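S.K.: Structure: entry_2.cif, mmCIF, N, CA and C atoms, pLDDT in the B column; chains and numbers go by the auth columns.
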```cif
data_my_file
loop_
_atom_site.group_PDB
_atom_site.id
_atom_site.type_symbol
_atom_site.label_atom_id
_atom_site.label_comp_id
_atom_site.label_asym_id
_atom_site.label_seq_id
_atom_site.Cartn_x
_atom_site.Cartn_y
_atom_site.Cartn_z
_atom_site.B_iso_or_equiv
_atom_site.auth_seq_id
_atom_site.auth_asym_id
ATOM 1 N N MET A 1 -13.721 43.363 -92.196 63.00 1 A
ATOM 2 C CA MET A 1 -13.638 43.097 -93.624 63.00 1 A
ATOM 3 C C MET A 1 -14.764 43.817 -94.371 63.00 1 A
ATOM 4 N N THR A 2 -15.915 43.889 -93.752 77.00 2 A
ATOM 5 C CA THR A 2 -17.053 44.542 -94.400 77.00 2 A
ATOM 6 C C THR A 2 -16.765 46.009 -94.681 77.00 2 A
ATOM 7 N N LYS A 3 -16.102 46.660 -93.770 84.00 3 A
ATOM 8 C CA LYS A 3 -15.773 48.077 -93.955 84.00 3 A
ATOM 9 C C LYS A 3 -14.862 48.253 -95.178 84.00 3 A
ATOM 10 N N GLU A 4 -13.881 47.351 -95.322 84.00 4 A
ATOM 11 C CA GLU A 4 -12.974 47.436 -96.470 84.00 4 A
ATOM 12 C C GLU A 4 -13.714 47.210 -97.784 84.00 4 A
ATOM 13 N N ILE A 5 -14.664 46.279 -97.777 82.00 5 A
ATOM 14 C CA ILE A 5 -15.442 46.021 -98.985 82.00 5 A
ATOM 15 C C ILE A 5 -16.318 47.231 -99.319 82.00 5 A
ATOM 16 N N GLU A 6 -16.890 47.838 -98.307 84.00 6 A
ATOM 17 C CA GLU A 6 -17.703 49.039 -98.535 84.00 6 A
ATOM 18 C C GLU A 6 -16.857 50.176 -99.104 84.00 6 A
ATOM 19 N N ILE A 7 -15.651 50.353 -98.587 86.00 7 A
ATOM 20 C CA ILE A 7 -14.740 51.386 -99.103 86.00 7 A
ATOM 21 C C ILE A 7 -14.371 51.082 -100.551 86.00 7 A
ATOM 22 N N LEU A 8 -14.049 49.813 -100.847 83.00 8 A
ATOM 23 C CA LEU A 8 -13.716 49.408 -102.213 83.00 8 A
ATOM 24 C C LEU A 8 -14.891 49.658 -103.151 83.00 8 A
ATOM 25 N N ALA A 9 -16.094 49.314 -102.697 86.00 9 A
ATOM 26 C CA ALA A 9 -17.289 49.535 -103.514 86.00 9 A
ATOM 27 C C ALA A 9 -17.483 51.014 -103.798 86.00 9 A
ATOM 28 N N GLU A 10 -17.282 51.834 -102.793 87.00 10 A
ATOM 29 C CA GLU A 10 -17.441 53.280 -102.965 87.00 10 A
ATOM 30 C C GLU A 10 -16.395 53.834 -103.934 87.00 10 A
ATOM 31 N N GLN A 11 -15.158 53.370 -103.812 89.00 11 A
ATOM 32 C CA GLN A 11 -14.072 53.880 -104.659 89.00 11 A
ATOM 33 C C GLN A 11 -14.208 53.432 -106.107 89.00 11 A
ATOM 34 N N THR A 12 -14.722 52.227 -106.319 88.00 12 A
ATOM 35 C CA THR A 12 -14.819 51.697 -107.675 88.00 12 A
ATOM 36 C C THR A 12 -16.165 51.922 -108.324 88.00 12 A
ATOM 37 N N GLY A 13 -17.148 52.267 -107.521 88.00 13 A
ATOM 38 C CA GLY A 13 -18.482 52.464 -108.063 88.00 13 A
ATOM 39 C C GLY A 13 -19.240 51.163 -108.269 88.00 13 A
ATOM 40 N N LEU A 14 -18.718 50.082 -107.728 87.00 14 A
ATOM 41 C CA LEU A 14 -19.379 48.786 -107.838 87.00 14 A
ATOM 42 C C LEU A 14 -20.208 48.530 -106.596 87.00 14 A
ATOM 43 N N SER A 15 -21.164 47.627 -106.707 89.00 15 A
ATOM 44 C CA SER A 15 -21.989 47.309 -105.545 89.00 15 A
ATOM 45 C C SER A 15 -21.253 46.336 -104.626 89.00 15 A
ATOM 46 N N VAL A 16 -21.598 46.385 -103.353 87.00 16 A
ATOM 47 C CA VAL A 16 -20.997 45.479 -102.380 87.00 16 A
ATOM 48 C C VAL A 16 -21.331 44.036 -102.751 87.00 16 A
ATOM 49 N N GLY A 17 -22.563 43.801 -103.190 90.00 17 A
ATOM 50 C CA GLY A 17 -22.975 42.452 -103.589 90.00 17 A
ATOM 51 C C GLY A 17 -22.140 41.901 -104.736 90.00 17 A
ATOM 52 N N LEU A 18 -21.831 42.747 -105.700 91.00 18 A
ATOM 53 C CA LEU A 18 -21.011 42.321 -106.830 91.00 18 A
ATOM 54 C C LEU A 18 -19.600 41.959 -106.376 91.00 18 A
ATOM 55 N N ILE A 19 -19.029 42.773 -105.535 88.00 19 A
ATOM 56 C CA ILE A 19 -17.671 42.511 -105.034 88.00 19 A
ATOM 57 C C ILE A 19 -17.639 41.209 -104.247 88.00 19 A
ATOM 58 N N ILE A 20 -18.616 41.015 -103.377 90.00 20 A
ATOM 59 C CA ILE A 20 -18.674 39.772 -102.596 90.00 20 A
ATOM 60 C C ILE A 20 -18.884 38.575 -103.518 90.00 20 A
ATOM 61 N N GLY A 21 -19.729 38.724 -104.514 93.00 21 A
ATOM 62 C CA GLY A 21 -19.957 37.645 -105.479 93.00 21 A
ATOM 63 C C GLY A 21 -18.694 37.258 -106.230 93.00 21 A
ATOM 64 N N VAL A 22 -17.938 38.260 -106.662 91.00 22 A
ATOM 65 C CA VAL A 22 -16.678 38.000 -107.365 91.00 22 A
ATOM 66 C C VAL A 22 -15.686 37.307 -106.438 91.00 22 A
ATOM 67 N N LEU A 23 -15.623 37.739 -105.196 91.00 23 A
ATOM 68 C CA LEU A 23 -14.728 37.099 -104.227 91.00 23 A
ATOM 69 C C LEU A 23 -15.110 35.642 -103.977 91.00 23 A
ATOM 70 N N ILE A 24 -16.399 35.372 -103.898 94.00 24 A
ATOM 71 C CA ILE A 24 -16.856 33.992 -103.710 94.00 24 A
ATOM 72 C C ILE A 24 -16.505 33.141 -104.919 94.00 24 A
ATOM 73 N N LEU A 25 -16.779 33.648 -106.121 96.00 25 A
ATOM 74 C CA LEU A 25 -16.444 32.901 -107.340 96.00 25 A
ATOM 75 C C LEU A 25 -14.937 32.652 -107.455 96.00 25 A
ATOM 76 N N LEU A 26 -14.138 33.657 -107.130 93.00 26 A
ATOM 77 C CA LEU A 26 -12.691 33.511 -107.175 93.00 26 A
ATOM 78 C C LEU A 26 -12.215 32.478 -106.157 93.00 26 A
ATOM 79 N N SER A 27 -12.831 32.464 -104.995 93.00 27 A
ATOM 80 C CA SER A 27 -12.478 31.474 -103.974 93.00 27 A
ATOM 81 C C SER A 27 -12.833 30.065 -104.421 93.00 27 A
ATOM 82 N N LEU A 28 -14.005 29.899 -105.027 95.00 28 A
ATOM 83 C CA LEU A 28 -14.406 28.575 -105.521 95.00 28 A
ATOM 84 C C LEU A 28 -13.502 28.108 -106.663 95.00 28 A
ATOM 85 N N TRP A 29 -13.149 29.017 -107.561 94.00 29 A
ATOM 86 C CA TRP A 29 -12.237 28.726 -108.669 94.00 29 A
ATOM 87 C C TRP A 29 -10.899 28.229 -108.124 94.00 29 A
ATOM 88 N N THR A 30 -10.362 28.966 -107.155 92.00 30 A
ATOM 89 C CA THR A 30 -9.079 28.621 -106.554 92.00 30 A
ATOM 90 C C THR A 30 -9.158 27.286 -105.828 92.00 30 A
ATOM 91 N N LEU A 31 -10.216 27.066 -105.074 93.00 31 A
ATOM 92 C CA LEU A 31 -10.387 25.820 -104.336 93.00 31 A
ATOM 93 C C LEU A 31 -10.438 24.623 -105.277 93.00 31 A
ATOM 94 N N PHE A 32 -11.152 24.759 -106.388 94.00 32 A
ATOM 95 C CA PHE A 32 -11.248 23.678 -107.366 94.00 32 A
ATOM 96 C C PHE A 32 -9.876 23.294 -107.901 94.00 32 A
ATOM 97 N N TRP A 33 -9.122 24.282 -108.416 93.00 33 A
ATOM 98 C CA TRP A 33 -7.830 23.989 -109.024 93.00 33 A
ATOM 99 C C TRP A 33 -6.807 23.524 -107.998 93.00 33 A
ATOM 100 N N LYS A 34 -6.825 24.106 -106.817 93.00 34 A
ATOM 101 C CA LYS A 34 -5.898 23.698 -105.761 93.00 34 A
ATOM 102 C C LYS A 34 -6.171 22.251 -105.359 93.00 34 A
ATOM 103 N N GLY A 35 -7.442 21.912 -105.169 92.00 35 A
ATOM 104 C CA GLY A 35 -7.803 20.537 -104.804 92.00 35 A
ATOM 105 C C GLY A 35 -7.393 19.539 -105.860 92.00 35 A
ATOM 106 N N LEU A 36 -7.633 19.862 -107.116 93.00 36 A
ATOM 107 C CA LEU A 36 -7.279 18.961 -108.212 93.00 36 A
ATOM 108 C C LEU A 36 -5.769 18.773 -108.303 93.00 36 A
ATOM 109 N N ALA A 37 -5.015 19.853 -108.189 93.00 37 A
ATOM 110 C CA ALA A 37 -3.550 19.758 -108.260 93.00 37 A
ATOM 111 C C ALA A 37 -2.985 19.032 -107.042 93.00 37 A
ATOM 112 N N LEU A 38 -3.528 19.285 -105.857 93.00 38 A
ATOM 113 C CA LEU A 38 -3.072 18.573 -104.659 93.00 38 A
ATOM 114 C C LEU A 38 -3.316 17.079 -104.801 93.00 38 A
ATOM 115 N N TRP A 39 -4.471 16.719 -105.295 93.00 39 A
ATOM 116 C CA TRP A 39 -4.825 15.316 -105.461 93.00 39 A
ATOM 117 C C TRP A 39 -3.854 14.622 -106.424 93.00 39 A
ATOM 118 N N HIS A 40 -3.635 15.239 -107.586 93.00 40 A
ATOM 119 C CA HIS A 40 -2.751 14.620 -108.579 93.00 40 A
ATOM 120 C C HIS A 40 -1.289 14.624 -108.133 93.00 40 A
ATOM 121 N N SER A 41 -0.843 15.666 -107.457 93.00 41 A
ATOM 122 C CA SER A 41 0.551 15.682 -107.014 93.00 41 A
ATOM 123 C C SER A 41 0.787 14.616 -105.946 93.00 41 A
ATOM 124 N N ALA A 42 -0.186 14.387 -105.079 93.00 42 A
ATOM 125 C CA ALA A 42 -0.060 13.317 -104.082 93.00 42 A
ATOM 126 C C ALA A 42 -0.100 11.953 -104.761 93.00 42 A
ATOM 127 N N LYS A 43 -0.991 11.800 -105.725 91.00 43 A
ATOM 128 C CA LYS A 43 -1.142 10.537 -106.442 91.00 43 A
ATOM 129 C C LYS A 43 0.116 10.183 -107.235 91.00 43 A
ATOM 130 N N LYS A 44 0.777 11.193 -107.792 91.00 44 A
ATOM 131 C CA LYS A 44 1.983 10.964 -108.583 91.00 44 A
ATOM 132 C C LYS A 44 3.251 10.930 -107.738 91.00 44 A
ATOM 133 N N GLY A 45 3.107 11.131 -106.430 93.00 45 A
ATOM 134 C CA GLY A 45 4.272 11.074 -105.546 93.00 45 A
ATOM 135 C C GLY A 45 5.191 12.275 -105.676 93.00 45 A
ATOM 136 N N ASN A 46 4.609 13.465 -105.845 91.00 46 A
ATOM 137 C CA ASN A 46 5.367 14.711 -105.930 91.00 46 A
ATOM 138 C C ASN A 46 5.173 15.532 -104.655 91.00 46 A
ATOM 139 N N PRO A 47 5.889 15.178 -103.564 92.00 47 A
ATOM 140 C CA PRO A 47 5.636 15.858 -102.288 92.00 47 A
ATOM 141 C C PRO A 47 5.973 17.347 -102.304 92.00 47 A
ATOM 142 N N TRP A 48 6.994 17.757 -103.068 93.00 48 A
ATOM 143 C CA TRP A 48 7.350 19.177 -103.088 93.00 48 A
ATOM 144 C C TRP A 48 6.273 19.998 -103.766 93.00 48 A
ATOM 145 N N TRP A 49 5.712 19.472 -104.840 91.00 49 A
ATOM 146 C CA TRP A 49 4.613 20.175 -105.487 91.00 49 A
ATOM 147 C C TRP A 49 3.428 20.258 -104.542 91.00 49 A
ATOM 148 N N PHE A 50 3.147 19.158 -103.825 90.00 50 A
ATOM 149 C CA PHE A 50 2.030 19.141 -102.890 90.00 50 A
ATOM 150 C C PHE A 50 2.183 20.245 -101.845 90.00 50 A
ATOM 151 N N VAL A 51 3.341 20.326 -101.232 90.00 51 A
ATOM 152 C CA VAL A 51 3.597 21.343 -100.198 90.00 51 A
ATOM 153 C C VAL A 51 3.508 22.741 -100.805 90.00 51 A
ATOM 154 N N PHE A 52 4.065 22.915 -101.990 88.00 52 A
ATOM 155 C CA PHE A 52 4.024 24.217 -102.652 88.00 52 A
ATOM 156 C C PHE A 52 2.592 24.661 -102.899 88.00 52 A
ATOM 157 N N PHE A 53 1.756 23.760 -103.438 89.00 53 A
ATOM 158 C CA PHE A 53 0.355 24.097 -103.695 89.00 53 A
ATOM 159 C C PHE A 53 -0.393 24.391 -102.398 89.00 53 A
ATOM 160 N N LEU A 54 -0.043 23.668 -101.355 87.00 54 A
ATOM 161 C CA LEU A 54 -0.721 23.840 -100.076 87.00 54 A
ATOM 162 C C LEU A 54 -0.429 25.213 -99.465 87.00 54 A
ATOM 163 N N ILE A 55 0.790 25.697 -99.647 89.00 55 A
ATOM 164 C CA ILE A 55 1.215 26.943 -99.002 89.00 55 A
ATOM 165 C C ILE A 55 0.982 28.175 -99.875 89.00 55 A
ATOM 166 N N ILE A 56 1.291 28.085 -101.154 87.00 56 A
ATOM 167 C CA ILE A 56 1.253 29.237 -102.057 87.00 56 A
ATOM 168 C C ILE A 56 -0.106 29.323 -102.752 87.00 56 A
ATOM 169 N N ASN A 57 -0.682 30.501 -102.779 83.00 57 A
ATOM 170 C CA ASN A 57 -1.953 30.712 -103.459 83.00 57 A
ATOM 171 C C ASN A 57 -1.702 31.509 -104.743 83.00 57 A
ATOM 172 N N THR A 58 -1.958 30.893 -105.884 85.00 58 A
ATOM 173 C CA THR A 58 -1.737 31.555 -107.171 85.00 58 A
ATOM 174 C C THR A 58 -3.026 31.693 -107.979 85.00 58 A
ATOM 175 N N VAL A 59 -4.174 31.588 -107.325 86.00 59 A
ATOM 176 C CA VAL A 59 -5.481 31.703 -107.957 86.00 59 A
ATOM 177 C C VAL A 59 -5.642 30.669 -109.084 86.00 59 A
ATOM 178 N N GLY A 60 -5.056 29.520 -108.894 88.00 60 A
ATOM 179 C CA GLY A 60 -5.217 28.424 -109.838 88.00 60 A
ATOM 180 C C GLY A 60 -4.222 28.397 -110.981 88.00 60 A
ATOM 181 N N ILE A 61 -3.457 29.449 -111.183 90.00 61 A
ATOM 182 C CA ILE A 61 -2.556 29.519 -112.336 90.00 61 A
ATOM 183 C C ILE A 61 -1.465 28.456 -112.245 90.00 61 A
ATOM 184 N N LEU A 62 -0.766 28.380 -111.129 89.00 62 A
ATOM 185 C CA LEU A 62 0.295 27.396 -110.983 89.00 62 A
ATOM 186 C C LEU A 62 -0.268 25.975 -110.981 89.00 62 A
ATOM 187 N N GLU A 63 -1.449 25.800 -110.415 90.00 63 A
ATOM 188 C CA GLU A 63 -2.071 24.489 -110.381 90.00 63 A
ATOM 189 C C GLU A 63 -2.401 23.999 -111.789 90.00 63 A
ATOM 190 N N ILE A 64 -2.944 24.870 -112.617 90.00 64 A
ATOM 191 C CA ILE A 64 -3.247 24.515 -114.007 90.00 64 A
ATOM 192 C C ILE A 64 -1.957 24.213 -114.761 90.00 64 A
ATOM 193 N N PHE A 65 -0.911 24.997 -114.521 90.00 65 A
ATOM 194 C CA PHE A 65 0.390 24.754 -115.145 90.00 65 A
ATOM 195 C C PHE A 65 0.913 23.370 -114.764 90.00 65 A
ATOM 196 N N TYR A 66 0.843 23.022 -113.487 90.00 66 A
ATOM 197 C CA TYR A 66 1.314 21.710 -113.035 90.00 66 A
ATOM 198 C C TYR A 66 0.542 20.590 -113.732 90.00 66 A
ATOM 199 N N LEU A 67 -0.773 20.694 -113.734 89.00 67 A
ATOM 200 C CA LEU A 67 -1.595 19.628 -114.307 89.00 67 A
ATOM 201 C C LEU A 67 -1.324 19.420 -115.792 89.00 67 A
ATOM 202 N N THR A 68 -1.157 20.497 -116.533 89.00 68 A
ATOM 203 C CA THR A 68 -1.030 20.386 -117.983 89.00 68 A
ATOM 204 C C THR A 68 0.410 20.234 -118.469 89.00 68 A
ATOM 205 N N VAL A 69 1.382 20.887 -117.816 89.00 69 A
ATOM 206 C CA VAL A 69 2.760 20.883 -118.308 89.00 69 A
ATOM 207 C C VAL A 69 3.654 19.905 -117.537 89.00 69 A
ATOM 208 N N ILE A 70 3.640 19.963 -116.226 88.00 70 A
ATOM 209 C CA ILE A 70 4.525 19.126 -115.422 88.00 70 A
ATOM 210 C C ILE A 70 4.002 17.690 -115.336 88.00 70 A
ATOM 211 N N ALA A 71 2.751 17.527 -114.894 87.00 71 A
ATOM 212 C CA ALA A 71 2.180 16.181 -114.743 87.00 71 A
ATOM 213 C C ALA A 71 1.709 15.609 -116.077 87.00 71 A
ATOM 214 N N LYS A 72 1.528 16.459 -117.076 88.00 72 A
ATOM 215 C CA LYS A 72 1.095 16.062 -118.417 88.00 72 A
ATOM 216 C C LYS A 72 -0.187 15.224 -118.388 88.00 72 A
ATOM 217 N N ILE A 73 -1.139 15.694 -117.593 87.00 73 A
ATOM 218 C CA ILE A 73 -2.418 15.008 -117.479 87.00 73 A
ATOM 219 C C ILE A 73 -3.387 15.637 -118.469 87.00 73 A
ATOM 220 N N LYS A 74 -4.002 14.804 -119.304 87.00 74 A
ATOM 221 C CA LYS A 74 -4.971 15.301 -120.274 87.00 74 A
ATOM 222 C C LYS A 74 -6.258 15.666 -119.554 87.00 74 A
ATOM 223 N N ARG A 75 -6.948 16.636 -120.086 83.00 75 A
ATOM 224 C CA ARG A 75 -8.161 17.143 -119.440 83.00 75 A
ATOM 225 C C ARG A 75 -9.153 16.018 -119.148 83.00 75 A
ATOM 226 N N LYS A 76 -9.275 15.065 -120.056 87.00 76 A
ATOM 227 C CA LYS A 76 -10.238 13.968 -119.861 87.00 76 A
ATOM 228 C C LYS A 76 -9.851 13.070 -118.688 87.00 76 A
ATOM 229 N N ASP A 77 -8.567 13.130 -118.256 85.00 77 A
ATOM 230 C CA ASP A 77 -8.098 12.288 -117.165 85.00 77 A
ATOM 231 C C ASP A 77 -7.998 13.016 -115.824 85.00 77 A
ATOM 232 N N TRP A 78 -8.421 14.266 -115.762 82.00 78 A
ATOM 233 C CA TRP A 78 -8.299 15.034 -114.522 82.00 78 A
ATOM 234 C C TRP A 78 -9.082 14.417 -113.371 82.00 78 A
ATOM 235 N N PHE A 79 -10.184 13.759 -113.658 83.00 79 A
ATOM 236 C CA PHE A 79 -11.047 13.253 -112.585 83.00 79 A
ATOM 237 C C PHE A 79 -11.056 11.741 -112.489 83.00 79 A
ATOM 238 N N LYS A 80 -10.119 11.073 -113.152 79.00 80 A
ATOM 239 C CA LYS A 80 -9.999 9.620 -113.040 79.00 80 A
ATOM 240 C C LYS A 80 -9.141 9.271 -111.837 79.00 80 A
ATOM 241 N N LYS A 81 -9.467 8.165 -111.221 71.00 81 A
ATOM 242 C CA LYS A 81 -8.694 7.720 -110.048 71.00 81 A
ATOM 243 C C LYS A 81 -7.402 7.086 -110.462 71.00 81 A
#
```
How would this structure read if it were set down as structure tokens?
M.R.:
Amino acid sequence: MTKEIEILAEQTGLSVGLIIGVLILLSLWTLFWKGLALWHSAKKGNPWWFVFFLIINTVGILEIFYLTVIAKIKRKDWFKK
């Protein structure tokens, strides 16, 4: 993986540290939204959504859509039990 990152850095003119940092931030962003959507879909008894979120990675886009449009959870209620 390091070789691919070095090649990407060389081709884009970006530093390896910057690329790794962006990948880490993107992973944390995705983990946050996936965890929140999995939690709420399980809590609301939506097993198909749960399985979908578990398998498909959409960088948080589908998870945010589920929370706001499908589950209709207000932002202030995202972290309530």
S.K.: So the first atom is atom CA of Leu67 of chain A and the second is atom CA of Trp29 of chain A; what is the distance between them in Å, to one decimal place?
M.R.: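 Answer for the atom CA of Leu67 of chain A to atom CA of Trp29 of chain A separation: 15.1 Å.
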S.K.: DSSP on the backbone, alpha helix (DSSP H) only: what residues of chain A does that give? Format it as JSON, numbers by chain.
M.R.: {"A": [2, 3, 4, 5, 6, 7, 8, 9, 10, 11, 12, 16, 17, 18, 19, 20, 21, 22, 23, 24, 25, 26, 27, 28, 29, 30, 31, 32, 33, 34, 35, 36, 37, 38, 39, 40, 41, 42, 43, 47, 48, 49, 50, 51, 52, 53, 54, 55, 61, 62, 63, 64, 65]}
S.K.: For N, CA and C atoms, I'd like the residues from the last selection saved as a compact mmCIF listing (two decimals), in the frame of the given file.
M.R.:
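What follows is the written file again_11.txt:
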```
# COMPACT_ATOMS: atom_id res chain seq x y z
N THR A 2 -15.92 43.89 -93.75
CA THR A 2 -17.05 44.54 -94.40
C THR A 2 -16.76 46.01 -94.68
N LYS A 3 -16.10 46.66 -93.77
CA LYS A 3 -15.77 48.08 -93.96
C LYS A 3 -14.86 48.25 -95.18
N GLU A 4 -13.88 47.35 -95.32
CA GLU A 4 -12.97 47.44 -96.47
C GLU A 4 -13.71 47.21 -97.78
N ILE A 5 -14.66 46.28 -97.78
CA ILE A 5 -15.44 46.02 -98.98
C ILE A 5 -16.32 47.23 -99.32
N GLU A 6 -16.89 47.84 -98.31
CA GLU A 6 -17.70 49.04 -98.54
C GLU A 6 -16.86 50.18 -99.10
N ILE A 7 -15.65 50.35 -98.59
CA ILE A 7 -14.74 51.39 -99.10
C ILE A 7 -14.37 51.08 -100.55
N LEU A 8 -14.05 49.81 -100.85
CA LEU A 8 -13.72 49.41 -102.21
C LEU A 8 -14.89 49.66 -103.15
N ALA A 9 -16.09 49.31 -102.70
CA ALA A 9 -17.29 49.54 -103.51
C ALA A 9 -17.48 51.01 -103.80
N GLU A 10 -17.28 51.83 -102.79
CA GLU A 10 -17.44 53.28 -102.96
C GLU A 10 -16.40 53.83 -103.93
N GLN A 11 -15.16 53.37 -103.81
CA GLN A 11 -14.07 53.88 -104.66
C GLN A 11 -14.21 53.43 -106.11
N THR A 12 -14.72 52.23 -106.32
CA THR A 12 -14.82 51.70 -107.68
C THR A 12 -16.16 51.92 -108.32
N VAL A 16 -21.60 46.38 -103.35
CA VAL A 16 -21.00 45.48 -102.38
C VAL A 16 -21.33 44.04 -102.75
N GLY A 17 -22.56 43.80 -103.19
CA GLY A 17 -22.98 42.45 -103.59
C GLY A 17 -22.14 41.90 -104.74
N LEU A 18 -21.83 42.75 -105.70
CA LEU A 18 -21.01 42.32 -106.83
C LEU A 18 -19.60 41.96 -106.38
N ILE A 19 -19.03 42.77 -105.54
CA ILE A 19 -17.67 42.51 -105.03
C ILE A 19 -17.64 41.21 -104.25
N ILE A 20 -18.62 41.02 -103.38
CA ILE A 20 -18.67 39.77 -102.60
C ILE A 20 -18.88 38.58 -103.52
N GLY A 21 -19.73 38.72 -104.51
CA GLY A 21 -19.96 37.65 -105.48
C GLY A 21 -18.69 37.26 -106.23
N VAL A 22 -17.94 38.26 -106.66
CA VAL A 22 -16.68 38.00 -107.36
C VAL A 22 -15.69 37.31 -106.44
N LEU A 23 -15.62 37.74 -105.20
CA LEU A 23 -14.73 37.10 -104.23
C LEU A 23 -15.11 35.64 -103.98
N ILE A 24 -16.40 35.37 -103.90
CA ILE A 24 -16.86 33.99 -103.71
C ILE A 24 -16.50 33.14 -104.92
N LEU A 25 -16.78 33.65 -106.12
CA LEU A 25 -16.44 32.90 -107.34
C LEU A 25 -14.94 32.65 -107.46
N LEU A 26 -14.14 33.66 -107.13
CA LEU A 26 -12.69 33.51 -107.18
C LEU A 26 -12.22 32.48 -106.16
N SER A 27 -12.83 32.46 -105.00
CA SER A 27 -12.48 31.47 -103.97
C SER A 27 -12.83 30.06 -104.42
N LEU A 28 -14.00 29.90 -105.03
CA LEU A 28 -14.41 28.58 -105.52
C LEU A 28 -13.50 28.11 -106.66
N TRP A 29 -13.15 29.02 -107.56
CA TRP A 29 -12.24 28.73 -108.67
C TRP A 29 -10.90 28.23 -108.12
N THR A 30 -10.36 28.97 -107.16
CA THR A 30 -9.08 28.62 -106.55
C THR A 30 -9.16 27.29 -105.83
N LEU A 31 -10.22 27.07 -105.07
CA LEU A 31 -10.39 25.82 -104.34
C LEU A 31 -10.44 24.62 -105.28
N PHE A 32 -11.15 24.76 -106.39
CA PHE A 32 -11.25 23.68 -107.37
C PHE A 32 -9.88 23.29 -107.90
N TRP A 33 -9.12 24.28 -108.42
CA TRP A 33 -7.83 23.99 -109.02
C TRP A 33 -6.81 23.52 -108.00
N LYS A 34 -6.82 24.11 -106.82
CA LYS A 34 -5.90 23.70 -105.76
C LYS A 34 -6.17 22.25 -105.36
N GLY A 35 -7.44 21.91 -105.17
CA GLY A 35 -7.80 20.54 -104.80
C GLY A 35 -7.39 19.54 -105.86
N LEU A 36 -7.63 19.86 -107.12
CA LEU A 36 -7.28 18.96 -108.21
C LEU A 36 -5.77 18.77 -108.30
N ALA A 37 -5.01 19.85 -108.19
CA ALA A 37 -3.55 19.76 -108.26
C ALA A 37 -2.98 19.03 -107.04
N LEU A 38 -3.53 19.28 -105.86
CA LEU A 38 -3.07 18.57 -104.66
C LEU A 38 -3.32 17.08 -104.80
N TRP A 39 -4.47 16.72 -105.30
CA TRP A 39 -4.82 15.32 -105.46
C TRP A 39 -3.85 14.62 -106.42
N HIS A 40 -3.64 15.24 -107.59
CA HIS A 40 -2.75 14.62 -108.58
C HIS A 40 -1.29 14.62 -108.13
N SER A 41 -0.84 15.67 -107.46
CA SER A 41 0.55 15.68 -107.01
C SER A 41 0.79 14.62 -105.95
N ALA A 42 -0.19 14.39 -105.08
CA ALA A 42 -0.06 13.32 -104.08
C ALA A 42 -0.10 11.95 -104.76
N LYS A 43 -0.99 11.80 -105.72
CA LYS A 43 -1.14 10.54 -106.44
C LYS A 43 0.12 10.18 -107.24
N PRO A 47 5.89 15.18 -103.56
CA PRO A 47 5.64 15.86 -102.29
C PRO A 47 5.97 17.35 -102.30
N TRP A 48 6.99 17.76 -103.07
CA TRP A 48 7.35 19.18 -103.09
C TRP A 48 6.27 20.00 -103.77
N TRP A 49 5.71 19.47 -104.84
CA TRP A 49 4.61 20.18 -105.49
C TRP A 49 3.43 20.26 -104.54
N PHE A 50 3.15 19.16 -103.82
CA PHE A 50 2.03 19.14 -102.89
C PHE A 50 2.18 20.24 -101.84
N VAL A 51 3.34 20.33 -101.23
CA VAL A 51 3.60 21.34 -100.20
C VAL A 51 3.51 22.74 -100.80
N PHE A 52 4.07 22.92 -101.99
CA PHE A 52 4.02 24.22 -102.65
C PHE A 52 2.59 24.66 -102.90
N PHE A 53 1.76 23.76 -103.44
CA PHE A 53 0.36 24.10 -103.70
C PHE A 53 -0.39 24.39 -102.40
N LEU A 54 -0.04 23.67 -101.36
CA LEU A 54 -0.72 23.84 -100.08
C LEU A 54 -0.43 25.21 -99.46
N ILE A 55 0.79 25.70 -99.65
CA ILE A 55 1.22 26.94 -99.00
C ILE A 55 0.98 28.18 -99.88
N ILE A 61 -3.46 29.45 -111.18
CA ILE A 61 -2.56 29.52 -112.34
C ILE A 61 -1.46 28.46 -112.24
N LEU A 62 -0.77 28.38 -111.13
CA LEU A 62 0.30 27.40 -110.98
C LEU A 62 -0.27 25.98 -110.98
N GLU A 63 -1.45 25.80 -110.42
CA GLU A 63 -2.07 24.49 -110.38
C GLU A 63 -2.40 24.00 -111.79
N ILE A 64 -2.94 24.87 -112.62
CA ILE A 64 -3.25 24.52 -114.01
C ILE A 64 -1.96 24.21 -114.76
N PHE A 65 -0.91 25.00 -114.52
CA PHE A 65 0.39 24.75 -115.14
C PHE A 65 0.91 23.37 -114.76
```
S.K.: Just the number, please: distance in Å from atom C of Ser27 of chain A to atom C of Leu8 of chain A, one decimal.
M.R.: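 According to the coordinates, atom C of Ser27 of chain A and atom C of Leu8 of chain A are separated by 19.7 Å.
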S.K.: Quick one: residues within 6 Å of Gly60 of chain A, only C-alpha atoms counted, chain neighbours fewer than 2 positions away excluded, as a ChimeraX atom specification?
M.R.: /A:30,33,58,62-63
S.K.: Once the PyMOL selection byres ((chain A and resi 51-57) around 8) is applied to the coordinates I shared, what remains selected? I want it as a list in words.
M.R.: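 With the PyMOL selection byres ((chain A and resi 51-57) around 8) on this model, the match is Lys34, Gly35, Ala37, Leu38, Ser41, Ala42, Asn46, Pro47, Trp48, Trp49, Phe50, Thr58, Val59, Gly60, Ile61, Leu62 and Glu63 of chain A.
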S.K.: Which of these, A:Glu4, A:Lys80, A:Leu36, A:Val22, has the shortest distance to Ile64 of chain A once you count only C-alpha atoms?
M.R.: A:Leu36
S.K.: What is the atom C of Ala9 of chain A-atom N of Gly21 of chain A distance in Å, reported with one decimal?
M.R.: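 One can read the atom C of Ala9 of chain A to atom N of Gly21 of chain A distance as 12.5 Å.
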S.K.: Just need the box for segment 8-22 of chain A, edges along x, y and z, holding every atom the file lists for it with 5 Å tacked onto each side, so centre and edge lengths in Å to one decimal, as AutoDock Vina command-line options.
M.R.:
```
--center_x -18.3 --center_y 45.6 --center_z -104.6 --size_x 19.3 --size_y 26.6 --size_z 17.5
```
